[in-house]
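Below is entry.txt, which holds compact mmCIF, C-alpha atoms.
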# COMPACT_ATOMS: atom_id res chain seq x y z
CA LYS A 73 0.00 0.00 0.00
CA THR A 74 1.36 3.39 -0.93
CA LYS A 75 0.59 7.10 -0.60
CA THR A 76 2.34 10.18 -1.90
CA PHE A 77 4.41 12.21 0.57
CA GLU A 78 6.38 15.24 -0.63
CA GLY A 79 6.11 13.98 -4.22
CA LYS A 80 7.31 10.45 -3.42
CA GLU A 81 5.43 7.20 -3.05
CA VAL A 82 5.68 5.83 0.51
CA GLU A 83 4.62 2.40 1.72
CA PHE A 84 2.35 2.16 4.76
CA VAL A 85 0.91 -0.53 7.01
CA GLU A 86 -2.34 -0.67 8.96
CA VAL A 87 -2.00 0.70 12.49
CA HIS A 88 -2.48 -2.79 13.97
CA ASP A 89 0.69 -3.88 12.16
CA GLU A 90 2.83 -0.92 13.25
CA PRO A 91 5.40 -2.17 15.84
CA PHE A 92 4.98 0.70 18.33
CA HIS A 93 1.18 0.19 18.37
CA ARG A 94 0.78 -3.01 20.38
CA HIS A 95 -2.46 -4.93 20.71
CA ALA A 96 -3.74 -5.05 24.30
CA TYR A 97 -7.35 -6.27 23.99
CA SER A 98 -10.05 -6.65 21.37
CA ASN A 99 -13.58 -7.91 20.83
CA GLU A 100 -16.42 -7.10 18.46
CA PHE A 101 -16.95 -3.68 20.07
CA ALA A 102 -13.45 -2.30 20.58
CA TYR A 103 -9.83 -2.75 19.61
CA ILE A 104 -7.47 -1.47 22.31
CA TYR A 105 -3.76 -0.93 21.83
CA ARG A 106 -0.86 0.63 23.67
CA VAL A 107 1.44 3.12 21.96
CA ASN A 108 5.00 3.16 23.30
CA PHE A 109 7.63 5.37 21.70
CA PRO A 110 11.14 5.00 23.13
CA PRO A 111 13.50 8.00 23.00
CA GLU A 112 14.18 8.79 19.34
CA GLY A 113 11.66 6.14 18.29
CA PHE A 114 10.32 6.53 14.73
CA SER A 115 7.21 4.70 13.56
CA LEU A 116 6.50 3.23 10.17
CA TRP A 117 4.06 4.99 7.90
CA HIS A 118 0.69 3.63 9.01
CA ARG A 119 -3.04 4.14 8.50
CA HIS A 120 -5.80 4.78 11.05
CA SER A 121 -9.28 3.87 9.82
CA GLU A 122 -11.46 3.78 12.96
CA ASP A 123 -12.68 6.50 15.33
CA THR A 124 -10.19 6.35 18.18
CA PHE A 125 -9.98 7.77 21.70
CA TYR A 126 -6.52 8.31 23.19
CA THR A 127 -5.28 9.11 26.67
CA SER A 128 -1.71 9.52 27.87
CA LEU A 129 0.07 7.96 30.84
CA THR A 130 3.21 10.09 30.48
CA ASP A 131 4.42 13.51 29.41
CA SER A 132 5.81 13.46 25.89
CA GLU A 133 6.62 15.40 22.74
CA LEU A 134 6.01 13.78 19.39
CA ILE A 135 6.49 15.01 15.85
CA ASN A 136 3.58 14.03 13.62
CA PHE A 137 4.14 13.68 9.85
CA PRO A 138 0.75 13.47 8.07
CA HIS A 139 1.10 12.34 4.47
CA ASP A 140 -1.02 15.26 3.21
CA LYS A 141 -0.22 18.13 5.63
CA PRO A 142 2.82 19.87 7.15
CA ASN A 143 4.36 18.11 10.13
CA TYR A 144 3.72 19.47 13.62
CA VAL A 145 4.77 18.91 17.23
CA HIS A 146 2.24 17.20 19.50
CA THR A 147 3.01 18.13 23.12
CA ILE A 148 1.32 15.69 25.49
CA SER A 149 0.90 15.74 29.27
CA LYS A 150 -0.05 12.86 31.52
CA TYR A 151 -3.87 12.54 31.73
CA ASP A 152 -4.32 14.26 28.34
CA LYS A 153 -7.16 12.99 26.18
CA TRP A 154 -7.91 13.40 22.49
CA TRP A 155 -9.86 11.89 19.63
CA SER A 156 -8.90 10.95 16.10
CA MET A 157 -12.05 10.52 14.02
CA CYS A 158 -10.80 8.31 11.21
CA ARG A 159 -13.68 6.10 10.10
CA GLU A 160 -14.81 8.45 7.34
CA ASN A 161 -11.48 10.18 6.76
CA HIS A 162 -8.55 7.82 7.13
CA ILE A 163 -5.27 9.20 8.48
CA ILE A 164 -1.91 8.08 7.13
CA HIS A 165 1.14 9.35 8.96
CA LYS A 166 4.36 8.54 10.74
CA VAL A 167 5.41 9.72 14.19
CA CYS A 168 8.69 10.17 16.02
CA LYS A 169 9.81 11.28 19.48
CA ARG A 170 11.26 14.78 19.68
CA GLU A 171 15.00 14.62 20.47
CA ARG A 172 14.73 16.89 23.51
CA CYS A 173 12.16 14.53 25.08
CA PRO A 174 14.32 11.76 26.62
CA THR A 175 11.61 9.74 28.37
CA PRO A 176 9.48 7.05 26.68
CA SER A 177 5.92 7.94 25.76
CA HIS A 178 3.01 5.69 26.67
CA PHE A 179 -0.63 6.15 25.79
CA LEU A 180 -3.67 3.94 25.38
CA ALA A 181 -5.92 3.93 22.32
CA ILE A 182 -9.47 2.60 22.01
CA GLU A 183 -10.89 2.04 18.53
CA PHE A 184 -14.69 2.01 18.44
CA LEU A 185 -15.86 -0.78 16.16
CA LYS A 186 -19.49 -1.37 17.12
CA SER A 187 -21.94 0.06 19.63
CA PRO A 188 -22.72 -2.38 22.47
CA GLU A 189 -26.30 -3.34 23.32
CA PHE A 190 -25.65 -2.75 27.04
CA PHE A 191 -25.59 1.01 27.51
CA SER A 192 -27.24 3.78 29.56
CA MET A 193 -29.74 6.27 28.22
CA GLN A 194 -28.49 9.16 30.36
CA PRO A 195 -25.06 10.06 31.73
CA ILE A 196 -24.29 9.50 35.39
CA THR A 197 -24.51 12.55 37.63
CA ASP A 198 -21.99 12.06 40.44
CA PRO A 199 -19.62 14.52 42.15
CA GLN A 200 -16.74 12.02 42.01
CA LEU A 201 -17.39 10.32 38.66
CA LYS A 202 -17.46 13.46 36.56
CA LEU A 203 -18.65 13.51 32.96
CA ASN A 204 -15.94 15.06 30.82
CA GLU A 205 -18.10 17.01 28.41
CA LYS A 206 -15.12 18.24 26.38
CA PHE A 207 -14.27 14.73 25.20
CA SER A 208 -17.67 13.03 25.31
CA ASN A 209 -19.42 12.70 21.96
CA GLU A 210 -21.75 10.46 19.96
CA ARG A 211 -19.23 7.63 20.14
CA ALA A 212 -18.58 7.56 23.89
CA ARG A 213 -19.09 9.24 27.24
CA ILE A 214 -15.83 9.99 29.04
CA TYR A 215 -15.80 10.16 32.85
CA ASP A 216 -12.98 11.18 35.19
CA LEU A 217 -12.75 9.52 38.61
CA ARG A 218 -10.44 10.87 41.32
CA LEU A 219 -10.11 9.52 44.86
CA GLU A 220 -8.29 11.42 47.57
CA PRO A 221 -6.59 9.48 50.41
CA SER A 222 -9.17 7.68 52.62
CA GLU A 223 -11.96 8.65 50.23
CA THR A 224 -14.61 6.13 49.22
CA PHE A 225 -16.71 5.83 46.07
CA GLU A 226 -19.91 3.90 45.47
CA GLN A 227 -21.84 3.76 42.22
CA LYS A 228 -23.67 1.25 40.02
CA LEU A 229 -22.29 1.29 36.49
CA ALA A 230 -24.98 -0.15 34.25
CA PHE A 231 -23.25 0.11 30.89
CA THR A 232 -20.35 -1.31 28.91
CA PHE A 233 -17.14 0.50 29.73
CA VAL A 234 -13.35 0.54 29.79
CA ILE A 235 -11.67 1.75 32.98
CA LEU A 236 -8.00 2.73 33.01
CA SER A 237 -5.79 3.49 36.02
CA TYR A 238 -3.54 6.53 35.63
CA ASP A 239 -1.53 5.91 38.81
CA ASP A 240 -0.06 3.19 40.97
CA ASN A 241 -2.48 3.13 43.90
CA ASN A 242 -3.83 1.28 46.91
CA VAL A 243 -7.51 1.32 46.03
CA VAL A 244 -9.36 -1.69 47.47
CA SER A 245 -12.78 -3.02 46.65
CA ARG A 246 -15.31 -3.34 49.45
CA ASN A 247 -17.43 -5.55 47.21
CA ASP A 248 -15.96 -8.98 46.36
CA SER A 249 -18.20 -9.29 43.29
CA CYS A 250 -17.06 -6.00 41.71
CA ALA A 251 -15.89 -6.92 38.21
CA ALA A 252 -13.69 -3.84 37.90
CA PHE A 253 -11.79 -3.62 41.19
CA ALA A 254 -12.12 -6.88 43.16
CA ASP A 255 -8.93 -8.56 41.90
CA GLY A 256 -6.60 -5.58 42.37
CA HIS A 257 -5.60 -5.38 38.69
CA LEU A 258 -6.32 -1.65 38.57
CA LYS A 259 -3.77 -0.87 41.29
CA ARG A 260 -1.08 -0.49 38.63
CA CYS A 261 -0.64 2.55 36.43
CA GLY A 262 -1.64 1.73 32.86
CA ASN A 263 -3.75 -1.31 33.68
CA PHE A 264 -7.30 -1.35 32.36
CA LYS A 265 -10.40 -3.53 32.14
CA PHE A 266 -13.22 -3.96 29.64
CA ILE A 267 -16.49 -4.51 31.55
CA ASP A 268 -19.72 -5.53 29.82
CA THR A 269 -21.86 -6.43 32.84
CA GLU A 270 -23.56 -4.31 35.49
CA CYS A 271 -20.94 -3.40 38.08
CA GLU A 272 -21.62 -2.38 41.69
CA VAL A 273 -18.52 -0.35 42.52
CA SER A 274 -17.68 0.20 46.18
CA ILE A 275 -14.04 1.19 46.67
CA GLU A 276 -11.76 3.01 49.10
CA ASN A 277 -8.38 4.66 48.60
CA LEU A 278 -6.15 3.33 51.39
CA GLY A 279 -3.06 5.02 49.96
CA ASN A 280 -1.37 8.28 50.89
CA GLU A 281 -1.77 9.84 47.44
CA ALA A 282 -4.75 10.76 45.31
CA CYS A 283 -5.40 8.43 42.40
CA ASN A 284 -7.07 8.94 39.05
CA PHE A 285 -8.99 6.78 36.60
CA VAL A 286 -10.75 7.35 33.31
CA VAL A 287 -14.01 5.54 32.50
CA VAL A 288 -14.99 5.26 28.84
CA GLU A 289 -18.62 4.29 28.23

Would you mind writing the file out in structure tokens?
Amino acid sequence: KTKTFEGKEVEFVEVHDEPFHRHAYSNEFAYIYRVNFPPEGFSLWHRHSEDTFYTSLTDSELINFPHDKPNYVHTISKYDKWWSMCRENHIIHKVCKRERCPTPSHFLAIEFLKSPEFFSMQPITDPQLKLNEKFSNERARIYDLRLEPSETFEQKLAFTFVILSYDDNNVVSRNDSCAAFADGHLKRCGNFKFIDTECEVSIENLGNEACNFVVVE
């Protein structure tokens, strides 16, 4: 597969075949991958063809080379979120780390393939699980969850969702049947779960630091 870049034909692969974009989980509804750029890492030319939500686990600076536009610097901070709406307008590009950014970059991407049958009609209204209106759209609702030390959170999540931990934490479940938190998997920064059953969340932050999660419905 080829596209023209600066008057030359370049070969590209699909994003799932690009080595820095590593498969993490997939089903009929979503394809989830991790993007890890080491210092001075340079991707292959690759194509994105699905609407995709991204969120970053690190600070980073990347140089983006679209095949049909001037290149630009993408400065990213931990907890940043953004969308790339590619289903109708495919994106072909390559990306590299900026030389002055010595640390690896790490972000998670969720491609939306099909709408699940298990969903809510209205967004949750909760002072802790806050709807992020800036990044919510017709494809997904995005919620931010933050727990201060000793703080608890209880809520029934009656929809299909992905939950991602932004921080190493000591959050414990007070409900042994909680599909999201009961096994402790979400105590590690970067770990996530895909949940497609009703989930009674009852958790407490036993750590000394605040911790943050993103919930993608």

Which region 143-202 of chain A residues have any atom within 7 Å of an atom of region 212-236 of chain A, and for each, what is the nearest pair of atoms with distance in Å to one decimal, counting all atoms listed in the file, rows sorted by chain and number, as a Markdown table?
| residue | atom | partner | partner_atom | distance |
| --- | --- | --- | --- | --- |
| A:Pro188 | CA | A:Thr232 | CA | 6.9 |
| A:Phe190 | CA | A:Phe231 | CA | 5.4 |
| A:Phe191 | CA | A:Phe231 | CA | 4.2 |
| A:Ser192 | CA | A:Phe231 | CA | 5.6 |
| A:Gln200 | CA | A:Leu217 | CA | 5.8 |
| A:Leu201 | CA | A:Leu217 | CA | 4.7 |
| A:Lys202 | CA | A:Asp216 | CA | 5.2 |

Test item: which residues lie within 12 Å of (3.2, -1.4, 9.1) counting all atoms listed in the file, as a CSV table (one decimal) with C-alpha atoms, in the coordinates of the input:
chain,number,residue,atom,x,y,z
A,73,LYS,CA,0.0,0.0,0.0
A,74,THR,CA,1.4,3.4,-0.9
A,82,VAL,CA,5.7,5.8,0.5
A,83,GLU,CA,4.6,2.4,1.7
A,84,PHE,CA,2.4,2.2,4.8
A,85,VAL,CA,0.9,-0.5,7.0
A,86,GLU,CA,-2.3,-0.7,9.0
A,87,VAL,CA,-2.0,0.7,12.5
A,88,HIS,CA,-2.5,-2.8,14.0
A,89,ASP,CA,0.7,-3.9,12.2
A,90,GLU,CA,2.8,-0.9,13.2
A,91,PRO,CA,5.4,-2.2,15.8
A,92,PHE,CA,5.0,0.7,18.3
A,93,HIS,CA,1.2,0.2,18.4
A,94,ARG,CA,0.8,-3.0,20.4
A,115,SER,CA,7.2,4.7,13.6
A,116,LEU,CA,6.5,3.2,10.2
A,117,TRP,CA,4.1,5.0,7.9
A,118,HIS,CA,0.7,3.6,9.0
A,119,ARG,CA,-3.0,4.1,8.5
A,120,HIS,CA,-5.8,4.8,11.0
A,164,ILE,CA,-1.9,8.1,7.1
A,165,HIS,CA,1.1,9.4,9.0
A,166,LYS,CA,4.4,8.5,10.7

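Among the candidate residues A:Phe253, A:Phe266, A:Phe207, A:Phe109, the one lying nearest to Trp154 (chain A) is A:Phe207, with distances computed using all atoms listed in the file.
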
Could you please give me, as a ChimeraX atom specification, the residues of protein, DNA or RNA lying at most 10 Å from (-2.7, 1.8, 37.9) in the coordinate frame of the file, considering all atoms listed in the file?
/A:129,236-243,256-264,283-285

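Between CA of Lys141 (chain A) and CA of Phe179 (chain A) lies a distance of 23.5 Å.
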
Given the choices A:Asp152, A:Asp198, A:Glu100, A:Glu276, which gets closest to Ala254 (chain A) if the distance is worked out from only C-alpha atoms?
A:Glu276

Residue nearest Tyr105 (chain A) - candidates A:Ala181, A:Val167, A:Asn136, A:Glu189, atoms counted: all atoms listed in the file:
A:Ala181

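Nearest residue to Pro111 (chain A), choosing from A:His178, A:Lys206, A:Asp255, A:Thr147 and counting all atoms listed in the file: A:His178.
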
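The gap separating CA of Ile275 (chain A) from CA of Arg246 (chain A) is 5.5 Å, in Å to one decimal.
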
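CA of Ser128 (chain A) lies 19.0 Å from CA of Glu171 (chain A).
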
Tell me, as a PyMOL selection string, which residues lie within 7 Å of Pro110 (chain A), counting only C-alpha atoms; anything in the same chain fewer than 2 positions away does not count.
chain A and resi 108+112-113+176-177

For region 155-166 of chain A, where the input has fewer atoms than it should, I would like all heavy atoms rebuilt and written as a short mmCIF file (atom, residue, chain, number, x, y, z; two decimals), in the frame of the given file.
data_model
loop_
_atom_site.label_atom_id
_atom_site.label_comp_id
_atom_site.auth_asym_id
_atom_site.auth_seq_id
_atom_site.Cartn_x
_atom_site.Cartn_y
_atom_site.Cartn_z
N TRP A 155 -9.21 12.78 20.58
CA TRP A 155 -9.86 11.89 19.63
C TRP A 155 -9.20 12.01 18.26
O TRP A 155 -8.70 13.08 17.90
CB TRP A 155 -11.33 12.26 19.46
CG TRP A 155 -12.23 11.79 20.55
CD1 TRP A 155 -12.54 12.46 21.70
CD2 TRP A 155 -12.96 10.55 20.60
NE1 TRP A 155 -13.42 11.73 22.45
CE2 TRP A 155 -13.70 10.56 21.80
CE3 TRP A 155 -13.06 9.46 19.74
CZ2 TRP A 155 -14.53 9.49 22.16
CZ3 TRP A 155 -13.89 8.41 20.10
CH2 TRP A 155 -14.60 8.42 21.30
N SER A 156 -9.25 10.94 17.52
CA SER A 156 -8.90 10.95 16.10
C SER A 156 -10.05 10.26 15.36
O SER A 156 -10.22 9.04 15.46
CB SER A 156 -7.57 10.21 15.88
OG SER A 156 -7.15 10.33 14.55
N MET A 157 -10.85 11.05 14.68
CA MET A 157 -12.05 10.52 14.02
C MET A 157 -11.67 10.10 12.60
O MET A 157 -11.59 10.92 11.69
CB MET A 157 -13.15 11.57 14.01
CG MET A 157 -13.46 12.15 15.39
SD MET A 157 -13.92 10.90 16.63
CE MET A 157 -15.62 10.59 16.17
N CYS A 158 -11.44 8.81 12.44
CA CYS A 158 -10.80 8.31 11.21
C CYS A 158 -11.69 7.40 10.37
O CYS A 158 -11.25 6.99 9.29
CB CYS A 158 -9.53 7.54 11.57
SG CYS A 158 -8.33 8.45 12.53
N ARG A 159 -12.88 7.07 10.85
CA ARG A 159 -13.68 6.10 10.10
C ARG A 159 -14.03 6.63 8.72
O ARG A 159 -13.94 5.91 7.71
CB ARG A 159 -14.94 5.73 10.88
CG ARG A 159 -15.86 4.80 10.10
CD ARG A 159 -16.88 4.14 10.98
NE ARG A 159 -16.27 3.11 11.82
CZ ARG A 159 -16.98 2.30 12.60
NH1 ARG A 159 -18.29 2.40 12.66
NH2 ARG A 159 -16.37 1.39 13.33
N GLU A 160 -14.44 7.89 8.64
CA GLU A 160 -14.81 8.45 7.34
C GLU A 160 -13.64 9.08 6.62
O GLU A 160 -13.63 9.14 5.38
CB GLU A 160 -15.92 9.49 7.54
CG GLU A 160 -17.23 8.89 8.04
CD GLU A 160 -18.35 9.90 8.09
OE1 GLU A 160 -18.13 11.06 7.68
OE2 GLU A 160 -19.46 9.53 8.53
N ASN A 161 -12.66 9.56 7.37
CA ASN A 161 -11.48 10.18 6.76
C ASN A 161 -10.22 9.53 7.35
O ASN A 161 -9.77 9.91 8.43
CB ASN A 161 -11.47 11.69 7.04
CG ASN A 161 -12.66 12.40 6.42
OD1 ASN A 161 -12.78 12.49 5.20
ND2 ASN A 161 -13.55 12.89 7.27
N HIS A 162 -9.70 8.56 6.63
CA HIS A 162 -8.55 7.82 7.13
C HIS A 162 -7.33 8.75 7.27
O HIS A 162 -7.18 9.72 6.51
CB HIS A 162 -8.20 6.68 6.18
CG HIS A 162 -9.26 5.63 6.10
ND1 HIS A 162 -9.14 4.50 5.32
CD2 HIS A 162 -10.48 5.53 6.70
CE1 HIS A 162 -10.23 3.76 5.44
NE2 HIS A 162 -11.06 4.36 6.26
N ILE A 163 -6.50 8.45 8.25
CA ILE A 163 -5.27 9.20 8.48
C ILE A 163 -4.08 8.30 8.21
O ILE A 163 -4.00 7.18 8.74
CB ILE A 163 -5.21 9.74 9.92
CG1 ILE A 163 -6.29 10.80 10.13
CG2 ILE A 163 -3.83 10.31 10.24
CD1 ILE A 163 -6.38 11.30 11.56
N ILE A 164 -3.17 8.78 7.39
CA ILE A 164 -1.91 8.08 7.13
C ILE A 164 -0.78 9.01 7.56
O ILE A 164 -0.70 10.15 7.11
CB ILE A 164 -1.76 7.71 5.64
CG1 ILE A 164 -2.90 6.76 5.22
CG2 ILE A 164 -0.39 7.08 5.38
CD1 ILE A 164 -2.95 6.48 3.75
N HIS A 165 0.05 8.51 8.46
CA HIS A 165 1.14 9.35 8.96
C HIS A 165 2.25 8.49 9.54
O HIS A 165 2.15 7.26 9.62
CB HIS A 165 0.60 10.33 10.02
CG HIS A 165 0.17 9.69 11.31
ND1 HIS A 165 0.05 10.39 12.49
CD2 HIS A 165 -0.14 8.41 11.63
CE1 HIS A 165 -0.33 9.59 13.46
NE2 HIS A 165 -0.46 8.39 12.97
N LYS A 166 3.32 9.16 9.93
CA LYS A 166 4.36 8.54 10.74
C LYS A 166 4.66 9.49 11.89
O LYS A 166 4.37 10.69 11.81
CB LYS A 166 5.62 8.24 9.93
CG LYS A 166 6.33 9.45 9.36
CD LYS A 166 7.57 9.02 8.58
CE LYS A 166 8.26 10.24 7.96
NZ LYS A 166 9.49 9.86 7.22
#
